[in-house]
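Asks: One structure coming up, written as structure tokens, with questions to follow.
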Amino acid sequence: MRFTPPAVHILHTLPPRLADAVLRFCDEPLATSPYRVTKPLGNELAGLRAGYVGVGFRVLVRVDDDARPATSCARPTAPTRTGDDSGGLADEAALRDRRSAIARHLADGPDQWLLPSRRDRPSLAGMAAPERVVDIHVVADSTGDTGARVARAVGAQYPDLEVNVVRHPRIHDVDGVDRALETLREDHADAVVFVTLVDVGLNARVAATCAELGVPCADLMAPALDAVIARTGLHPARVVQPVGLAADYFERIHAMEFAVANDDGNLTDSLSEADVVLVGASRTGKTPLSMYLGYLGYRTANVPLVTGVAPPDELFQAAPWKIVGLTIDPERLLAIRRRRVSLMGAQAQDGGRLGGYADLARIFDELDDVARIQRRLGCPVLDTTSLALEEAAGRVIELVSARRRAHLAAPTPMEGPVG
């Protein structure tokens, strides 16, 4: 994984929390599955791929299949800024020190563009270096996603702690356990172990080694299984099951295909088949939010609302409870659009405003027009300015679920009070 010089420059100027999110994205999903987490670009950007970090930030990538994974080139686009760029900390001296530390790891020399290891690179989650680093080893008999999610949730409760997740997936026998434990023995001073093994013998082997090394160990499965045993009296099969192929697996695949097919107003399916319909101005985060909702299993269509262009009739025929409007701070939208104009190489045309697309006064008018249409639709409106993708998706699901329940509970004219 190599960063181009423009990417290095942008990383130096990013708010620390956003820079940390970019590095984590490059560290794991991008390095291991570049085609899964990115999509190809066209026109002037043909040959590049884009992956989303949050709602309004993209990482541009060129994948070299002959040299994977060592020479993929990642270049974050310019950041979109709102509020306090320092992540709530105003210590400018500490900020300069932090960026100097980043610069030492992301220098301009080609040999230094390689992404440093988690332990070697500086943490960007705060202005000052964290006092402690914890390596959470997830020992799992499947993909390790369960333990990794819990580890990330735990890490979120310690903003001044750098939490590194180390996965040991698909462990089905003693040899697999021993390989994972050998890694732990080599460096266990800052280690914690999360276990999601259903095999009692393998679980006990991990617990015994952790006790020997003095490493804290948490069995994530045992309390959950014990709770079900206490309620039902039934004991688990203790057989490794492919969690990804649960009953909803193919529904989630269909939902993702639906989101791709019905993106940006290209309604190849009826909106009656959608679980969620997102409407908003261009660049308010409709596409990444649609894709993420599809990943969660919600068939999502998104329709752009454009000044001077009538919304499709299907939008007004769709069930109102499934429609959610998106909006964004005008200045944030201007920054996003200006970056897009720059990437398109159209800065010289009309002063880079492209007929009002990247003009603040026109953006205010456009958002007013969009708000009028959203009021006609009677839909709730979600401001995505400062929302992470996961939080925005959670709020959309809450809104749609609550409105659907209210719709189903409302009496029909035949059921209403008489006289």
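Lettering and numbering for the structure tokens are positional, with chains as A, B, ... in the shown order, residues counted from 1 in each chain, and ligands counted from 1 in the shown order.
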Which neighbours of Ser270 (chain A) fall inside 12 Å, counting only C-alpha atoms, when residues of the same chain fewer than 5 positions from it are skipped, and could you give them as a PyMOL selection string?
Replies: chain A and resi 258+261-262+265+275-277+299-301+312-315+317-319
Asks: Hey, can you spit out that residue selection with all heavy atoms as a short mmCIF file (atom, residue, chain, number, x, y, z; two decimals), in the first residue's frame?
Replies:
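Contents of out_2.cif, freshly written:
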```
data_model
loop_
_atom_site.label_atom_id
_atom_site.label_comp_id
_atom_site.auth_asym_id
_atom_site.auth_seq_id
_atom_site.Cartn_x
_atom_site.Cartn_y
_atom_site.Cartn_z
N PHE A 258 -30.45 -4.39 -5.23
CA PHE A 258 -31.53 -3.43 -5.42
C PHE A 258 -31.00 -2.00 -5.29
O PHE A 258 -31.33 -1.12 -6.09
CB PHE A 258 -32.63 -3.69 -4.38
CG PHE A 258 -33.86 -2.85 -4.56
CD1 PHE A 258 -34.96 -3.35 -5.26
CD2 PHE A 258 -33.95 -1.56 -4.04
CE1 PHE A 258 -36.10 -2.58 -5.43
CE2 PHE A 258 -35.08 -0.79 -4.21
CZ PHE A 258 -36.16 -1.30 -4.90
N ALA A 261 -29.04 -1.07 -8.39
CA ALA A 261 -29.89 -0.93 -9.57
C ALA A 261 -30.78 0.30 -9.51
O ALA A 261 -31.23 0.80 -10.55
CB ALA A 261 -30.75 -2.18 -9.74
N ASN A 262 -31.05 0.81 -8.31
CA ASN A 262 -31.97 1.93 -8.15
C ASN A 262 -31.26 3.13 -7.53
O ASN A 262 -31.82 3.84 -6.70
CB ASN A 262 -33.17 1.52 -7.30
CG ASN A 262 -34.01 0.45 -7.97
OD1 ASN A 262 -34.89 0.75 -8.76
ND2 ASN A 262 -33.72 -0.81 -7.67
N GLY A 265 -31.75 7.88 -8.89
CA GLY A 265 -32.93 8.10 -9.74
C GLY A 265 -33.10 7.11 -10.86
O GLY A 265 -34.09 7.18 -11.60
N ASP A 275 -37.84 -0.81 0.54
CA ASP A 275 -38.10 -0.66 1.97
C ASP A 275 -37.88 0.79 2.40
O ASP A 275 -38.51 1.27 3.34
CB ASP A 275 -37.16 -1.57 2.79
CG ASP A 275 -37.38 -3.03 2.48
OD1 ASP A 275 -38.54 -3.45 2.36
OD2 ASP A 275 -36.37 -3.76 2.35
N VAL A 276 -36.92 1.46 1.73
CA VAL A 276 -36.57 2.84 2.06
C VAL A 276 -36.37 3.60 0.76
O VAL A 276 -35.79 3.07 -0.20
CB VAL A 276 -35.27 2.91 2.90
CG1 VAL A 276 -34.89 4.36 3.20
CG2 VAL A 276 -35.39 2.10 4.17
N VAL A 277 -36.83 4.85 0.73
CA VAL A 277 -36.59 5.74 -0.41
C VAL A 277 -35.96 7.02 0.13
O VAL A 277 -36.56 7.72 0.95
CB VAL A 277 -37.89 6.07 -1.18
CG1 VAL A 277 -37.58 7.01 -2.35
CG2 VAL A 277 -38.57 4.81 -1.67
N ARG A 299 -33.86 -2.83 1.20
CA ARG A 299 -33.89 -2.47 -0.21
C ARG A 299 -34.12 -0.97 -0.31
O ARG A 299 -35.19 -0.48 0.05
CB ARG A 299 -34.98 -3.24 -0.94
CG ARG A 299 -34.65 -4.72 -1.14
CD ARG A 299 -35.84 -5.50 -1.60
NE ARG A 299 -36.85 -5.55 -0.54
CZ ARG A 299 -38.03 -6.17 -0.66
NH1 ARG A 299 -38.35 -6.77 -1.79
NH2 ARG A 299 -38.88 -6.18 0.35
N THR A 300 -33.13 -0.26 -0.80
CA THR A 300 -33.15 1.20 -0.75
C THR A 300 -32.98 1.79 -2.14
O THR A 300 -32.08 1.40 -2.89
CB THR A 300 -32.00 1.72 0.16
OG1 THR A 300 -32.11 1.09 1.44
CG2 THR A 300 -32.09 3.22 0.32
N ALA A 301 -33.87 2.72 -2.48
CA ALA A 301 -33.75 3.50 -3.70
C ALA A 301 -33.45 4.94 -3.31
O ALA A 301 -33.88 5.39 -2.24
CB ALA A 301 -35.03 3.42 -4.52
N PRO A 312 -39.95 12.48 -10.16
CA PRO A 312 -40.73 11.43 -10.85
C PRO A 312 -42.07 11.20 -10.16
O PRO A 312 -42.19 11.30 -8.94
CB PRO A 312 -39.82 10.19 -10.75
CG PRO A 312 -38.90 10.48 -9.61
CD PRO A 312 -38.70 11.96 -9.59
N ASP A 313 -43.10 10.91 -10.96
CA ASP A 313 -44.43 10.68 -10.41
C ASP A 313 -44.44 9.52 -9.41
O ASP A 313 -45.22 9.52 -8.45
CB ASP A 313 -45.42 10.38 -11.54
CG ASP A 313 -45.64 11.59 -12.44
OD1 ASP A 313 -45.41 12.72 -11.96
OD2 ASP A 313 -46.02 11.40 -13.61
N GLU A 314 -43.56 8.54 -9.65
CA GLU A 314 -43.52 7.38 -8.74
C GLU A 314 -43.25 7.78 -7.30
O GLU A 314 -43.67 7.10 -6.37
CB GLU A 314 -42.44 6.38 -9.19
CG GLU A 314 -42.69 5.75 -10.56
CD GLU A 314 -42.00 6.53 -11.67
OE1 GLU A 314 -41.90 7.76 -11.55
OE2 GLU A 314 -41.60 5.88 -12.65
N LEU A 315 -42.55 8.89 -7.13
CA LEU A 315 -42.19 9.33 -5.79
C LEU A 315 -43.44 9.70 -4.98
O LEU A 315 -43.52 9.42 -3.78
CB LEU A 315 -41.24 10.53 -5.88
CG LEU A 315 -40.41 10.87 -4.65
CD1 LEU A 315 -39.60 9.67 -4.18
CD2 LEU A 315 -39.47 12.03 -4.97
N GLN A 317 -46.38 8.48 -5.56
CA GLN A 317 -47.24 7.31 -5.47
C GLN A 317 -46.73 6.29 -4.46
O GLN A 317 -47.45 5.36 -4.08
CB GLN A 317 -47.36 6.65 -6.85
CG GLN A 317 -48.00 7.55 -7.89
CD GLN A 317 -47.79 7.04 -9.31
OE1 GLN A 317 -47.23 5.96 -9.51
NE2 GLN A 317 -48.24 7.82 -10.29
N ALA A 318 -45.48 6.46 -4.02
CA ALA A 318 -44.89 5.53 -3.05
C ALA A 318 -45.51 5.73 -1.67
O ALA A 318 -46.02 6.82 -1.35
CB ALA A 318 -43.38 5.72 -2.98
N ALA A 319 -45.46 4.70 -0.85
CA ALA A 319 -45.97 4.80 0.52
C ALA A 319 -45.19 5.88 1.27
O ALA A 319 -43.96 5.82 1.33
CB ALA A 319 -45.84 3.47 1.22
#
```
Asks: Could you give me, as number ranges by chain, each residue of region 245-358 of chain A that DSSP assigns to strand (DSSP E) when run on this structure's backbone?
Replies: A: 276-280, 300-304, 323-327
Asks: Using only C-alpha atoms, determine which residues lie at most 8 Å from region 382-398 of chain A, disregarding the query and same-chain residues fewer than 2 positions distant; provide the list as a list in words.
Replies: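 Close residues of region 382-398 of chain A: Gly54, Val55, Thr82, Thr284, Gly285, Pro288, Leu289, Tyr292, Leu293, Val324, Gly325, Leu326, Thr327, Ile328, Asp329, Arg332, Pro380, Val400, Ser401 and Ala402 of chain A.
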Asks: I'd like to know which of A:Arg405, A:Leu202, A:Asp145, A:Val139 is closest to Leu184 (chain A), using only C-alpha atoms.
Replies: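 Smallest separation from Leu184 (chain A) among the options: A:Val139.
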Asks: Residues at most 9 Å from region 209-212 of chain A, counting only C-alpha atoms, excluding those fewer than 2 positions away in the same chain, as a VMD selection string?
Replies: chain A and resid 181 184 to 185 192 to 193 204 to 207 214 to 217
Asks: Using only C-alpha atoms, can you tell me which of A:Val279, A:Ala153, A:Ala50, A:Leu333 comes closest to Arg36 (chain A)?
Replies: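 Among the listed residues, the smallest separation from Arg36 (chain A) belongs to A:Ala50.
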